[in-house]
$ cat my_file-v5.txt   # compact mmCIF, C-alpha atoms
# COMPACT_ATOMS: atom_id res chain seq x y z
CA MET F 130 -16.26 17.98 9.37
CA GLY F 131 -14.40 20.95 7.89
CA LYS F 132 -10.64 21.15 8.09
CA THR F 133 -10.70 24.39 10.11
CA ASP F 134 -12.71 22.71 12.86
CA THR F 135 -9.96 20.17 13.46
CA LEU F 136 -7.23 22.79 13.29
CA ASN F 137 -8.81 25.00 15.92
CA LYS F 138 -9.04 22.21 18.43
CA THR F 139 -6.08 21.48 20.66
CA ALA F 140 -4.86 17.93 20.65
CA GLU F 141 -6.09 17.26 24.19
CA VAL F 142 -9.76 17.55 23.36
CA ARG F 143 -9.59 15.40 20.26
CA THR F 144 -11.11 11.98 20.51
CA PRO F 145 -9.79 8.73 19.05
CA ALA F 146 -12.81 8.74 16.76
CA GLU F 147 -11.26 11.41 14.54
CA ASN F 148 -8.57 9.43 12.77
CA PRO F 149 -7.56 11.49 9.69
CA VAL F 150 -7.82 8.42 7.43
CA ASP F 151 -11.45 7.83 8.38
CA LYS F 152 -12.85 10.13 5.72
CA TYR F 153 -11.24 8.00 3.02
CA LEU F 154 -12.64 4.76 4.42
CA ARG F 155 -16.11 3.30 4.78
CA MET F 156 -15.98 3.10 8.55
CA ASP F 157 -19.37 1.39 8.74
CA ARG F 158 -17.67 -1.68 7.24
CA MET F 159 -14.91 -1.78 9.85
CA PRO F 160 -13.43 -3.87 11.37
CA HIS F 161 -12.25 -5.40 8.11
CA ILE F 162 -11.79 -9.13 7.46
CA TRP F 163 -7.99 -9.10 7.08
CA CYS F 164 -6.23 -11.35 9.58
CA PRO F 165 -4.27 -9.94 12.52
CA GLY F 166 -0.71 -9.41 11.25
CA CYS F 167 -1.69 -8.96 7.59
CA GLY F 168 0.09 -6.08 5.89
CA ILE F 169 -2.65 -4.99 3.48
CA GLY F 170 -4.11 -2.53 5.99
CA SER F 171 -0.70 -0.88 6.36
CA THR F 172 -0.45 -0.37 2.61
CA VAL F 173 -3.94 1.16 2.56
CA ASN F 174 -2.84 3.53 5.33
CA CYS F 175 0.17 4.54 3.23
CA PHE F 176 -2.00 4.95 0.14
CA VAL F 177 -4.42 7.27 1.96
CA ARG F 178 -1.54 9.40 3.23
CA ALA F 179 0.02 9.49 -0.25
CA VAL F 180 -3.26 10.64 -1.79
CA GLU F 181 -3.49 13.34 0.86
CA ASP F 182 0.13 14.43 0.30
CA ALA F 183 -0.22 14.50 -3.49
CA MET F 184 -3.32 16.71 -3.02
CA ILE F 185 -5.43 14.65 -5.37
CA ASP F 186 -9.10 15.61 -5.53
CA ILE F 187 -10.85 12.53 -4.13
CA LYS F 188 -13.87 13.28 -6.29
CA LYS F 189 -11.62 12.55 -9.27
CA LEU F 190 -10.02 9.40 -7.92
CA ALA F 191 -11.32 5.95 -8.79
CA ILE F 192 -10.02 2.72 -7.33
CA VAL F 193 -10.49 -0.64 -9.03
CA SER F 194 -9.86 -4.03 -7.45
CA GLY F 195 -10.18 -7.60 -8.57
CA ILE F 196 -10.81 -10.62 -6.39
CA GLY F 197 -8.79 -11.72 -3.42
CA CYS F 198 -7.76 -10.42 -0.02
CA THR F 199 -6.34 -7.24 -1.55
CA GLY F 200 -9.38 -7.03 -3.81
CA ARG F 201 -11.39 -5.97 -0.80
CA VAL F 202 -9.58 -2.63 -0.66
CA ALA F 203 -12.04 -1.16 -3.17
CA GLY F 204 -14.90 -2.08 -0.88
CA TYR F 205 -13.33 -0.44 2.15
CA MET F 206 -12.36 2.85 0.54
CA ASN F 207 -14.85 5.68 0.39
CA LEU F 208 -14.01 6.65 -3.20
CA ASP F 209 -15.46 5.78 -6.57
CA SER F 210 -14.62 2.13 -6.36
CA PHE F 211 -15.20 -1.00 -8.38
CA HIS F 212 -14.86 -4.57 -7.21
CA THR F 213 -14.72 -6.36 -10.54
CA THR F 214 -14.44 -9.92 -11.79
CA HIS F 215 -11.36 -11.99 -11.11
CA GLY F 216 -8.30 -10.80 -12.99
CA ARG F 217 -10.11 -8.08 -14.92
CA ALA F 218 -9.27 -5.09 -12.79
CA ILE F 219 -7.05 -3.55 -15.49
CA PRO F 220 -9.63 -3.83 -18.33
CA MET F 221 -12.16 -2.19 -16.02
CA ALA F 222 -9.68 0.57 -15.16
CA THR F 223 -8.92 1.04 -18.87
CA GLY F 224 -12.59 1.66 -19.51
CA VAL F 225 -12.90 4.11 -16.63
CA LYS F 226 -9.85 6.03 -17.80
CA LEU F 227 -10.87 6.22 -21.47
CA ALA F 228 -14.44 7.27 -20.69
CA ASN F 229 -13.41 9.87 -18.09
CA PRO F 230 -9.91 11.07 -19.00
CA GLU F 231 -9.84 13.52 -16.09
CA MET F 232 -10.10 10.69 -13.54
CA ASN F 233 -7.07 9.37 -11.68
CA VAL F 234 -7.47 5.61 -11.83
CA VAL F 235 -5.71 3.29 -9.41
CA VAL F 236 -5.79 -0.49 -9.62
CA TYR F 237 -5.28 -1.96 -6.17
CA SER F 238 -5.06 -5.71 -6.31
CA GLY F 239 -3.10 -8.76 -5.35
CA ASP F 240 -0.46 -10.78 -7.16
CA GLY F 241 -2.85 -13.61 -7.97
CA ASP F 242 -5.39 -11.29 -9.51
CA LEU F 243 -2.95 -9.10 -11.45
CA PHE F 244 -0.33 -11.63 -12.56
CA ALA F 245 -1.77 -15.12 -12.42
CA ILE F 246 -5.19 -14.75 -13.98
CA GLY F 247 -4.81 -11.19 -15.29
CA GLY F 248 -1.20 -11.23 -16.49
CA ASN F 249 -2.06 -10.58 -20.11
CA HIS F 250 -4.01 -7.43 -19.30
CA PHE F 251 -1.10 -6.09 -17.32
CA ILE F 252 1.32 -6.62 -20.24
CA HIS F 253 -0.85 -4.76 -22.70
CA ALA F 254 -1.79 -1.89 -20.41
CA ALA F 255 1.94 -1.34 -19.79
CA ARG F 256 2.72 -1.61 -23.50
CA ARG F 257 0.15 1.06 -24.36
CA ASN F 258 1.34 3.23 -21.46
CA LEU F 259 -2.18 3.87 -20.27
CA ASP F 260 -2.36 6.55 -17.62
CA ILE F 261 -3.34 4.19 -14.78
CA LYS F 262 -1.48 3.31 -11.61
CA ILE F 263 -1.07 -0.25 -10.43
CA ILE F 264 -0.49 -1.15 -6.78
CA CYS F 265 0.17 -4.85 -6.38
CA VAL F 266 0.23 -6.28 -2.86
CA ASN F 267 2.30 -9.44 -3.14
CA ASN F 268 1.82 -11.93 -0.28
CA PHE F 269 3.38 -14.87 -2.20
CA THR F 270 0.27 -17.02 -1.98
CA TYR F 271 -3.46 -17.25 -2.73
CA GLY F 272 -4.64 -16.03 0.65
CA MET F 273 -8.37 -16.35 0.20
CA THR F 274 -8.55 -19.83 -1.30
CA GLY F 275 -6.25 -21.84 0.94
CA GLY F 276 -2.62 -20.97 0.31
CA GLN F 277 -1.93 -22.50 -3.11
CA VAL F 278 1.27 -21.79 -5.03
CA THR F 279 1.26 -18.66 -7.20
CA PRO F 280 3.56 -17.37 -9.95
CA THR F 281 5.24 -15.18 -7.33
CA THR F 282 5.87 -17.85 -4.69
CA PRO F 283 9.64 -18.04 -4.04
CA GLN F 284 11.48 -21.31 -4.62
CA GLY F 285 11.62 -23.66 -1.67
CA ILE F 286 8.50 -22.28 -0.02
CA ILE F 287 5.89 -24.76 1.17
CA ALA F 288 2.37 -24.16 -0.09
CA SER F 289 -0.76 -26.28 0.19
CA THR F 290 -0.29 -27.48 -3.41
CA MET F 291 3.51 -27.79 -3.03
CA PRO F 292 3.95 -29.82 0.17
CA TYR F 293 7.64 -30.54 -0.61
CA GLY F 294 8.48 -26.95 -1.45
CA ASN F 295 7.96 -24.89 -4.57
CA PHE F 296 10.33 -25.75 -7.44
CA GLU F 297 8.99 -23.37 -10.09
CA HIS F 298 10.87 -20.27 -11.16
CA THR F 299 9.53 -17.08 -9.64
CA PHE F 300 8.07 -14.18 -11.55
CA ASN F 301 10.18 -11.02 -11.30
CA LEU F 302 7.41 -8.43 -11.39
CA PRO F 303 9.46 -5.19 -11.60
CA PHE F 304 11.45 -6.63 -14.51
CA LEU F 305 8.23 -7.64 -16.27
CA ALA F 306 6.78 -4.16 -15.81
CA GLU F 307 9.97 -2.50 -17.03
CA SER F 308 10.29 -4.65 -20.10
CA CYS F 309 6.66 -4.01 -21.03
CA GLY F 310 7.23 -0.27 -20.92
CA ALA F 311 6.00 1.04 -17.57
CA VAL F 312 7.30 4.53 -16.79
CA TYR F 313 7.42 4.13 -13.01
CA VAL F 314 8.41 0.87 -11.36
CA ALA F 315 9.18 0.44 -7.67
CA ARG F 316 9.20 -2.28 -5.06
CA TRP F 317 8.69 -1.86 -1.32
CA THR F 318 7.42 -3.91 1.57
CA ALA F 319 4.64 -3.23 4.04
CA ALA F 320 7.38 -2.64 6.62
CA HIS F 321 8.83 0.37 4.76
CA VAL F 322 5.92 2.72 5.30
CA LYS F 323 7.73 6.05 4.91
CA GLN F 324 9.43 5.10 1.65
CA LEU F 325 6.25 3.48 0.37
CA THR F 326 4.18 6.61 1.03
CA LYS F 327 6.75 8.77 -0.73
CA SER F 328 6.93 6.39 -3.66
CA MET F 329 3.13 6.24 -4.00
CA LYS F 330 2.97 10.02 -3.94
CA GLU F 331 5.64 10.21 -6.66
CA MET F 332 3.74 7.71 -8.79
CA MET F 333 0.37 9.40 -8.30
CA SER F 334 1.72 12.77 -9.47
CA LYS F 335 3.26 11.22 -12.61
CA LYS F 336 1.65 10.65 -15.99
CA GLY F 337 1.70 7.20 -17.52
CA PHE F 338 1.68 3.61 -16.38
CA GLY F 339 3.03 3.28 -12.86
CA PHE F 340 3.61 0.05 -10.99
CA ILE F 341 4.49 -0.57 -7.34
CA GLU F 342 4.97 -4.04 -5.93
CA ILE F 343 4.53 -4.31 -2.17
CA PHE F 344 5.60 -7.39 -0.22
CA SER F 345 3.17 -8.12 2.56
CA PRO F 346 3.13 -10.78 5.26
CA CYS F 347 0.44 -13.47 5.16
CA PRO F 348 0.64 -15.07 8.61
CA THR F 349 -2.36 -17.36 8.21
CA LEU F 350 -1.47 -19.23 5.03
CA PHE F 351 2.13 -18.38 4.13
CA GLY F 352 3.80 -17.90 7.50
CA ARG F 353 2.14 -20.84 9.23
CA ARG F 354 3.57 -23.35 6.74
CA ASN F 355 6.99 -21.73 6.54
CA LYS F 356 8.05 -21.35 10.17
CA ILE F 357 7.24 -17.66 10.36
CA ALA F 358 5.30 -17.38 13.57
CA ASP F 359 3.21 -14.29 12.91
CA GLY F 360 2.87 -11.17 10.81
CA LEU F 361 5.13 -9.20 13.11
CA GLU F 362 8.00 -11.67 12.69
CA HIS F 363 7.62 -11.51 8.91
CA MET F 364 7.66 -7.71 9.03
CA ILE F 365 10.88 -7.78 11.08
CA GLN F 366 12.37 -10.19 8.52
CA PHE F 367 11.49 -7.72 5.77
CA LYS F 368 13.20 -4.94 7.72
CA ASP F 369 16.35 -7.04 8.23
CA LYS F 370 16.69 -8.70 4.84
CA CYS F 371 15.65 -5.95 2.49
CA LYS F 372 18.22 -3.57 1.13
CA ILE F 373 17.30 -0.28 -0.47
CA LYS F 374 19.41 0.35 -3.55
CA LYS F 375 19.40 3.57 -5.47
CA GLY F 376 19.32 3.16 -9.22
CA ALA F 377 19.19 -0.63 -9.09
CA SER F 378 18.12 -2.37 -12.26
CA ALA F 379 14.92 -4.37 -12.16
CA LYS F 380 16.68 -7.39 -13.65
CA GLU F 381 18.71 -7.99 -10.52
CA ALA F 382 15.64 -7.60 -8.30
CA THR F 383 14.95 -11.30 -8.16
CA PHE F 384 13.34 -12.67 -5.06
CA ASP F 385 15.02 -15.32 -2.98
CA PRO F 386 13.92 -15.49 0.67
CA ASP F 387 17.35 -16.59 1.90
CA ASN F 388 19.33 -13.75 0.36
CA GLU F 389 18.84 -10.04 0.60
CA ILE F 390 15.93 -8.51 -1.24
CA VAL F 391 16.52 -5.44 -3.39
CA LEU F 392 14.05 -2.61 -2.89
CA GLY F 393 13.79 0.80 -4.46
CA THR F 394 12.64 2.70 -7.49
CA PHE F 395 13.82 0.85 -10.58
CA VAL F 396 12.36 2.93 -13.40
CA ASN F 397 11.33 6.58 -13.49
CA THR F 398 11.15 7.79 -17.08
CA GLU F 399 8.83 9.61 -19.47
CA ARG F 400 7.00 8.15 -22.45
CA LYS F 401 4.03 9.22 -24.53
CA THR F 402 0.81 7.94 -22.99
CA PHE F 403 -1.88 6.08 -24.89
CA MET F 404 -4.10 9.17 -25.10
CA GLU F 405 -1.28 11.44 -26.31
CA SER F 406 -0.20 8.98 -29.00
CA MET F 407 -3.80 8.63 -30.19
CA ASN F 408 -4.32 12.40 -30.33
CA ASP F 409 -1.02 12.97 -32.14
CA ARG F 410 -1.78 10.31 -34.71
CA TYR F 411 -5.31 11.53 -35.44
CA GLU F 412 -4.17 15.13 -35.60
CA LYS F 413 -1.63 14.09 -38.21
CA VAL F 414 -4.25 12.22 -40.25
CA PHE F 415 -7.28 14.52 -39.89
CA GLY F 416 -5.54 17.86 -39.65
CA PRO F 417 -6.64 20.85 -37.55
CA LYS F 418 -10.36 19.91 -37.56
CA TYR F 419 -9.57 17.09 -35.10
CA VAL F 420 -10.41 17.98 -31.48
CA ARG F 421 -7.95 16.47 -29.07
CA TYR F 422 -9.69 14.07 -26.65
CA GLY F 423 -9.23 14.28 -22.92
CA GLU F 424 -7.22 17.50 -22.85
CA GLU F 425 -8.36 20.90 -21.68
CA MET U 219 20.31 13.84 37.84
CA GLU U 220 18.57 17.11 38.57
CA THR U 221 19.87 18.76 35.42
CA LYS U 222 18.64 15.77 33.48
CA GLU U 223 15.24 16.19 35.04
CA LYS U 224 15.19 19.79 33.95
CA LYS U 225 16.20 18.91 30.41
CA LYS U 226 13.48 16.30 30.17
CA ARG U 227 11.69 16.81 26.92
CA LYS U 228 8.07 17.89 26.93
CA ALA U 229 5.74 15.78 24.85
CA LYS U 230 5.46 17.11 21.32
CA GLY U 231 2.47 15.05 20.45
CA THR U 232 0.38 12.11 21.43
CA VAL U 233 -1.38 9.03 20.07
CA TYR U 234 -5.05 8.22 19.91
CA ILE U 235 -6.17 4.60 20.07
CA LYS U 236 -9.50 3.08 19.10
CA ASP U 237 -9.47 -0.01 21.28
CA GLU U 238 -12.35 -1.75 19.56
CA LEU U 239 -10.65 -1.86 16.13
CA CYS U 240 -7.36 -3.30 17.41
CA LYS U 241 -6.44 -6.89 16.51
CA GLY U 242 -3.30 -7.03 18.61
CA CYS U 243 -0.78 -7.54 15.80
CA GLY U 244 1.88 -5.52 17.67
CA PHE U 245 3.19 -3.57 14.65
CA CYS U 246 2.89 -0.20 16.41
CA ILE U 247 4.66 -1.50 19.51
CA GLU U 248 7.56 -3.02 17.54
CA PHE U 249 8.09 -0.16 15.10
CA CYS U 250 7.55 2.85 17.39
CA PRO U 251 10.85 4.76 16.99
CA LEU U 252 10.86 5.70 20.70
CA HIS U 253 9.52 2.35 21.99
CA ILE U 254 6.90 3.99 24.18
CA LEU U 255 3.94 1.77 23.31
CA ALA U 256 3.10 -1.53 25.02
CA PHE U 257 0.23 -4.00 25.25
CA SER U 258 -2.21 -2.91 27.93
CA GLU U 259 -3.79 -5.15 30.56
CA LYS U 260 -7.33 -4.53 29.34
CA PHE U 261 -9.20 -6.55 26.71
CA ASN U 262 -11.36 -5.30 23.89
CA ALA U 263 -14.59 -6.96 22.75
CA LYS U 264 -12.70 -9.37 20.47
CA GLY U 265 -10.34 -10.44 23.26
CA TYR U 266 -7.19 -8.68 22.07
CA HIS U 267 -5.02 -6.43 24.21
CA PRO U 268 -4.93 -2.97 22.60
CA PRO U 269 -1.71 -0.93 22.95
CA GLU U 270 -1.25 1.92 25.38
CA LEU U 271 1.21 4.78 25.72
CA ILE U 272 3.58 3.95 28.58
CA ASP U 273 5.65 7.13 28.54
CA ASP U 274 3.45 9.95 27.34
CA ASP U 275 6.11 12.61 28.04
CA ARG U 276 8.27 11.37 25.20
CA CYS U 277 5.78 10.92 22.38
CA SER U 278 6.73 13.03 19.38
CA GLY U 279 3.49 12.53 17.50
CA CYS U 280 5.39 11.26 14.46
CA ASP U 281 2.46 9.10 13.29
CA ILE U 282 4.67 6.10 12.39
CA CYS U 283 2.29 3.92 14.43
CA GLY U 284 -0.59 5.33 12.40
CA MET U 285 1.12 4.41 9.15
CA TYR U 286 1.84 0.86 10.30
CA CYS U 287 -1.54 0.07 11.86
CA PRO U 288 -3.37 -2.35 9.51
CA ASP U 289 -6.64 -1.81 11.38
CA PHE U 290 -6.77 2.01 11.40
CA ALA U 291 -6.98 1.83 15.20
CA ILE U 292 -4.14 4.19 16.17
CA PHE U 293 -2.78 7.50 14.93
CA GLY U 294 -0.33 10.05 16.23
CA GLU U 295 -0.61 13.80 16.11
CA LYS U 296 1.74 16.65 16.92
CA PHE U 297 0.54 19.33 19.32
CA LYS U 298 -0.21 22.67 17.73

$ encode --input "my_file-v5.txt" --output "structure tokens"
Amino acid sequence: MGKTDTLNKTAEVRTPAENPVDKYLRMDRMPHIWCPGCGIGSTVNCFVRAVEDAMIDIKKLAIVSGIGCTGRVAGYMNLDSFHTTHGRAIPMATGVKLANPEMNVVVYSGDGDLFAIGGNHFIHAARRNLDIKIICVNNFTYGMTGGQVTPTTPQGIIASTMPYGNFEHTFNLPFLAESCGAVYVARWTAAHVKQLTKSMKEMMSKKGFGFIEIFSPCPTLFGRRNKIADGLEHMIQFKDKCKIKKGASAKEATFDPDNEIVLGTFVNTERKTFMESMNDRYEKVFGPKYVRYGEE
Amino acid sequence: METKEKKKRKAKGTVYIKDELCKGCGFCIEFCPLHILAFSEKFNAKGYHPPELIDDDRCSGCDICGMYCPDFAIFGEKFK
């Protein structure tokens, strides 16, 4: 349906079937498999609105996901999407970006996929400053395989493989991304939808390696073992405990469920991207006969 | 009281709900800035109670419920 058709109609005669996000989603696959109270759907809603606000051509937007609950986002979005092997979402996205430099490539995956099995790929993509955007939905557990402990599980949390509480140190993802050289690093929760949408829009309209970590409730496997009754209660906890700090450093953004959680944009800088560095180097070596790749 | 009645705000927007997609998580009801959504009495095919607008004169169409909904079952819209 054209945009003018919807504008000419008054709100009274619209039907519930015309949700503005529907054109970005494969509605024939709905309802999705995410549990009631899961926050992944909220983040997808924010992502769709951010893409719309940033006025990105959806014909030039590709979304890549790995395996896991969040990995299913690629299957539900009506874009060029890839549901790749476990942990290899970033290598796949690297290939898409290098072969089609005009594409906007977004990796939408979970903490287990991006940081447990695929941690090494993340480090090197950030080091090279590839022009891809990473959205990591962190639910503190392996949701699809039975609630095992992950590198991002906070200390003291009970998981199916840590029945007496997790004692490992927790991964500080924004600090990792910053130290590896990402140009945009932010952290939000699924309960901060307005800020998250704004942050996603900011990241999408920026060049370079962007990273957003989003805390999301997992009522079925995380909440059930940790005295959090449902997804709604976890969302309210996020609202109460999280504190938005302007200009906070990523180093202090550790995650401890008992204390306050620091949210916000930690890094927003500029750095030469992988493609620009390559072009500059080859231009220097080969002289004016070199045709710059991926630039109009 | 009468002056208050006169000053009563007209609805600036409304919400649209797809009952069949709802999983009853309650996010829209909890986070509605005006608290004008509530669980309805009816059931959908999966046995959840979808939300309904209890005070449709006050809805501002801000679309916060639409941003929160994990099931794409609700969205708000301002009147033109």

$ closest_atom_pairs --input "my_file-v5.txt" --of "chain U" --to "chain F" --cutoff "7 Å" --atoms "only C-alpha atoms" --output "CSV"
residue,atom,partner,partner_atom,distance
U:Tyr234,CA,F:Pro145,CA,4.8
U:Ile235,CA,F:Pro145,CA,5.6
U:Lys236,CA,F:Pro145,CA,5.7
U:Leu239,CA,F:Pro160,CA,5.9
U:Lys241,CA,F:Pro165,CA,5.5
U:Gly242,CA,F:Pro165,CA,6.8
U:Cys243,CA,F:Gly166,CA,4.9
U:Gly244,CA,F:Leu361,CA,6.7
U:Phe245,CA,F:Leu361,CA,6.2
U:Met285,CA,F:Asn174,CA,5.6
U:Tyr286,CA,F:Ser171,CA,5.0
U:Cys287,CA,F:Ser171,CA,5.6
U:Pro288,CA,F:Gly170,CA,3.6
U:Asp289,CA,F:Gly170,CA,6.0
U:Phe293,CA,F:Asn148,CA,6.5
U:Phe297,CA,F:Ala140,CA,5.7
U:Lys298,CA,F:Thr139,CA,6.7

$ atom_distance --input "my_file-v5.txt" --atom1 "CA of Phe296 (chain F)" --atom2 "CA of Ala358 (chain F)"
23.2 Å

$ atom_distance --input "my_file-v5.txt" --atom1 "CA of Pro303 (chain F)" --atom2 "CA of Glu381 (chain F)"
9.7 Å

$ residues_around --input "my_file-v5.txt" --residues "Gly284 (chain U)" --least-positions-apart "6" --cutoff "8 Å" --atoms "only C-alpha atoms" --output "ChimeraX atom specification"
/F:174 /U:246,290-294

$ residues_near_point --input "my_file-v5.txt" --point "(-9.2, -11.2, -2.8)" --cutoff "12 Å" --atoms "all atoms listed in the file" --output "JSON, numbers by chain"
{"F": [162, 163, 169, 194, 195, 196, 197, 198, 199, 200, 201, 202, 203, 204, 212, 213, 214, 215, 216, 218, 237, 238, 239, 240, 241, 242, 243, 265, 266, 267, 268, 270, 271, 272, 273, 274, 275]}

$ closest_residue --input "my_file-v5.txt" --among "U:Ala256, U:Val233, U:Ala263, U:Ile247" --to "Cys277 (chain U)" --atoms "all atoms listed in the file"
U:Val233

$ residues_around --input "my_file-v5.txt" --residues "Lys260 (chain U)" --least-positions-apart "6" --cutoff "10 Å" --atoms "all atoms listed in the file" --output "number ranges by chain"
U: 237, 266-270

$ closest_residue --input "my_file-v5.txt" --among "F:Cys347, F:Tyr411, F:Thr290, F:Ala315" --to "Lys375 (chain F)" --atoms "all atoms listed in the file"
F:Ala315

$ decode --input "my_file-v5.txt" --residues "region 258-273 of chain U" --atoms "N, CA, C and O atoms" --output "PDB file, in the first residue's frame"
ATOM      1  N   SER U 258      -8.640  -7.056  28.992  1.00  0.00           N
ATOM      2  CA  SER U 258     -10.076  -7.155  28.735  1.00  0.00           C
ATOM      3  C   SER U 258     -10.595  -8.489  29.261  1.00  0.00           C
ATOM      4  O   SER U 258      -9.831  -9.363  29.659  1.00  0.00           O
ATOM      5  N   GLU U 259     -11.907  -8.628  29.255  1.00  0.00           N
ATOM      6  CA  GLU U 259     -12.533  -9.861  29.745  1.00  0.00           C
ATOM      7  C   GLU U 259     -12.419 -10.992  28.731  1.00  0.00           C
ATOM      8  O   GLU U 259     -12.427 -12.160  29.082  1.00  0.00           O
ATOM      9  N   LYS U 260     -12.336 -10.600  27.450  1.00  0.00           N
ATOM     10  CA  LYS U 260     -12.386 -11.626  26.400  1.00  0.00           C
ATOM     11  C   LYS U 260     -11.072 -12.406  26.300  1.00  0.00           C
ATOM     12  O   LYS U 260     -10.032 -11.964  26.802  1.00  0.00           O
ATOM     13  N   PHE U 261     -11.148 -13.561  25.653  1.00  0.00           N
ATOM     14  CA  PHE U 261      -9.972 -14.399  25.403  1.00  0.00           C
ATOM     15  C   PHE U 261      -9.649 -14.356  23.920  1.00  0.00           C
ATOM     16  O   PHE U 261     -10.538 -14.183  23.100  1.00  0.00           O
ATOM     17  N   ASN U 262      -8.373 -14.577  23.590  1.00  0.00           N
ATOM     18  CA  ASN U 262      -8.076 -14.824  22.182  1.00  0.00           C
ATOM     19  C   ASN U 262      -7.881 -16.325  21.985  1.00  0.00           C
ATOM     20  O   ASN U 262      -8.040 -17.110  22.936  1.00  0.00           O
ATOM     21  N   ALA U 263      -7.535 -16.730  20.754  1.00  0.00           N
ATOM     22  CA  ALA U 263      -7.487 -18.160  20.449  1.00  0.00           C
ATOM     23  C   ALA U 263      -6.470 -18.908  21.294  1.00  0.00           C
ATOM     24  O   ALA U 263      -6.605 -20.107  21.542  1.00  0.00           O
ATOM     25  N   LYS U 264      -5.400 -18.190  21.764  1.00  0.00           N
ATOM     26  CA  LYS U 264      -4.383 -18.860  22.564  1.00  0.00           C
ATOM     27  C   LYS U 264      -4.710 -18.843  24.050  1.00  0.00           C
ATOM     28  O   LYS U 264      -3.967 -19.380  24.859  1.00  0.00           O
ATOM     29  N   GLY U 265      -5.816 -18.188  24.423  1.00  0.00           N
ATOM     30  CA  GLY U 265      -6.238 -18.174  25.816  1.00  0.00           C
ATOM     31  C   GLY U 265      -5.702 -17.015  26.617  1.00  0.00           C
ATOM     32  O   GLY U 265      -5.773 -17.030  27.841  1.00  0.00           O
ATOM     33  N   TYR U 266      -5.129 -16.013  25.970  1.00  0.00           N
ATOM     34  CA  TYR U 266      -4.656 -14.825  26.694  1.00  0.00           C
ATOM     35  C   TYR U 266      -5.741 -13.749  26.655  1.00  0.00           C
ATOM     36  O   TYR U 266      -6.585 -13.739  25.768  1.00  0.00           O
ATOM     37  N   HIS U 267      -5.671 -12.838  27.617  1.00  0.00           N
ATOM     38  CA  HIS U 267      -6.569 -11.692  27.613  1.00  0.00           C
ATOM     39  C   HIS U 267      -5.871 -10.537  26.897  1.00  0.00           C
ATOM     40  O   HIS U 267      -4.896 -10.007  27.428  1.00  0.00           O
ATOM     41  N   PRO U 268      -6.317 -10.131  25.729  1.00  0.00           N
ATOM     42  CA  PRO U 268      -5.687  -8.972  25.087  1.00  0.00           C
ATOM     43  C   PRO U 268      -6.057  -7.683  25.811  1.00  0.00           C
ATOM     44  O   PRO U 268      -7.055  -7.642  26.537  1.00  0.00           O
ATOM     45  N   PRO U 269      -5.277  -6.613  25.646  1.00  0.00           N
ATOM     46  CA  PRO U 269      -5.604  -5.351  26.331  1.00  0.00           C
ATOM     47  C   PRO U 269      -6.749  -4.629  25.638  1.00  0.00           C
ATOM     48  O   PRO U 269      -7.091  -4.932  24.497  1.00  0.00           O
ATOM     49  N   GLU U 270      -7.342  -3.699  26.351  1.00  0.00           N
ATOM     50  CA  GLU U 270      -8.338  -2.823  25.726  1.00  0.00           C
ATOM     51  C   GLU U 270      -8.173  -1.417  26.275  1.00  0.00           C
ATOM     52  O   GLU U 270      -7.619  -1.223  27.362  1.00  0.00           O
ATOM     53  N   LEU U 271      -8.672  -0.456  25.527  1.00  0.00           N
ATOM     54  CA  LEU U 271      -8.600   0.949  25.921  1.00  0.00           C
ATOM     55  C   LEU U 271      -9.759   1.222  26.871  1.00  0.00           C
ATOM     56  O   LEU U 271     -10.915   1.027  26.508  1.00  0.00           O
ATOM     57  N   ILE U 272      -9.463   1.638  28.116  1.00  0.00           N
ATOM     58  CA  ILE U 272     -10.561   1.829  29.058  1.00  0.00           C
ATOM     59  C   ILE U 272     -11.028   3.272  29.098  1.00  0.00           C
ATOM     60  O   ILE U 272     -12.112   3.549  29.584  1.00  0.00           O
ATOM     61  N   ASP U 273     -10.218   4.192  28.612  1.00  0.00           N
ATOM     62  CA  ASP U 273     -10.610   5.602  28.652  1.00  0.00           C
ATOM     63  C   ASP U 273     -10.208   6.218  27.316  1.00  0.00           C
ATOM     64  O   ASP U 273      -9.179   6.868  27.208  1.00  0.00           O
TER      65      ASP U 273
END
